[in-house]
Amino acid sequence: MDETAGSAVLDRRGFLVLGVGGAAVLADQWLSIDPPQLASVLRGGHIDAELVTCLEQRLPALRQMDAVLGGGHIRNLVDAELRLVTDLLIKGAYTEHLGQRVFSVAAELGRIAGWTSFDSGYHAAAERYWIAALRAAHTANDRAAGANILKCMSLQRMDNDRTDEALSLAQAAREGAKSAPARVLAMLAVRQARTHAVRDEVRDCERLLSVAERNMGRADDEVTPGWASYFDRAEYCAQVAGSYLALEQHKAADYWLAQSLAVQSIECRRDRATYLIWRADSVLGLGDVEHACELVS
């Protein structure tokens, strides 16, 4: 974390750092190695519960700014926040419990920093942030947060046509978070389903979409981590549609995108624009050129 915060944001490389097979090894380590015992470092001030709560309460604002402004506008802000938290962990004194909470904050900041970098095209920086975030989640023994980071890394691999590693990461995310809340389980199942769809593995894709639907059906009955709150019904329907688009099943994709757009919040402008383009693609695949043009006009 100390080597990443402050330096990764300056990374201008557009390619991934880990060699072929490296991500699969990382996923296997996440599943097999136990979290370490956390010891405080007695160099600086005491980290108390009030400070930790303050750090935790700052996370939703960063997520909201990313959703509204896009990653390129807040990369430096998130990195500075990660630098602050990392310095506190290096220099501060804290109990085991509070230390785990701060490491969970660091993990989420690293994930957001990675996402803003990925969103801006800085793939190497994104990878560095996510690896550091995964280590922080491991130290905090936060399996659900780690699974979310692996999910992000899986998407990055898929976008770089490394589908074997994308699948390994998606599988490790689900395997390591079996006790996560239902909404998280649905999110992870859809992520793996989309990976199978890109690989044209129809049966595996449809099996996981069924798993996701069952979990999404009980998602409102459980407490969900703040970082998973974005995965509402609109986002779920859109991601299911993404699987069907990859499989070129345009009728099914159009059905799910129509559901997504019907319930999507007007505040989600960037997502809405994306899903309108997706729906235009599905409608075009059905041969309705005029409707496709209307959707993107």
# chains A, B, ... in the order shown; residues from 1 in each chain; ligands from 1
call {"tool": "residues_around", "arguments": {"residues": "region 145-157 of chain A", "least_positions_apart": "3", "cutoff": "9 Å", "atoms": "only C-alpha atoms", "output": "PyMOL selection string"}}
result
chain A and resi 16+23+27+30+104+107-108+110-111+114-115+118+123+126-127+130-131+133-138+141-142+160-177+184+187-188+191-192+195+225+227-228
call {"tool": "residues_around", "arguments": {"residues": "region 240-246 of chain A", "least_positions_apart": "3", "cutoff": "7 Å", "atoms": "only C-alpha atoms", "output": "list in words"}}
result
Val190, Ala193, Arg194, Ala197, Val198, Tyr236, Cys237, Gln249, His250, Ala252, Ala253, Trp256, Leu257 and Ser282 of chain A
call {"tool": "residues_around", "arguments": {"residues": "Ala280 (chain A)", "least_positions_apart": "4", "cutoff": "8 Å", "atoms": "only C-alpha atoms", "output": "list in words"}}
result
Leu276, Leu284, His291, Ala292, Cys293, Leu295 and Val296 of chain A
call {"tool": "write_last_selection", "arguments": {"atoms": "C-alpha atoms", "output": "compact mmCIF listing (two decimals), in the first residue's frame"}}
result
# COMPACT_ATOMS: atom_id res chain seq x y z
CA LEU A 276 -29.37 3.26 -24.14
CA LEU A 284 -30.37 -3.15 -34.27
CA HIS A 291 -35.92 2.37 -33.22
CA ALA A 292 -32.16 1.98 -32.73
CA CYS A 293 -31.61 5.49 -34.10
CA LEU A 295 -32.63 5.40 -28.73
CA VAL A 296 -29.33 7.18 -29.36
call {"tool": "atom_distance", "arguments": {"atom1": "CA of Trp278 (chain A)", "atom2": "CA of Ala125 (chain A)"}}
result
27.9 Å
call {"tool": "select_by_dssp", "arguments": {"residues": "region 68-269 of chain A", "states": "alpha helix (DSSP H)", "output": "ChimeraX atom specification"}}
result
/A:68-69,71-91,96-119,123-139,143-159,163-175,182-198,202-217,233-246,250-263,269
call {"tool": "atom_distance", "arguments": {"atom1": "CA of Cys268 (chain A)", "atom2": "CA of Leu286 (chain A)"}}
result
26.7 Å
call {"tool": "closest_residue", "arguments": {"among": "A:Gly6, A:Val85, A:Ser120, A:Ile47", "to": "His73 (chain A)", "atoms": "only C-alpha atoms"}}
result
A:Ser120
call {"tool": "residues_around", "arguments": {"residues": "Ala219 (chain A)", "least_positions_apart": "2", "cutoff": "9 Å", "atoms": "only C-alpha atoms", "output": "PyMOL selection string"}}
result
chain A and resi 181-184+186+215-217+221-224
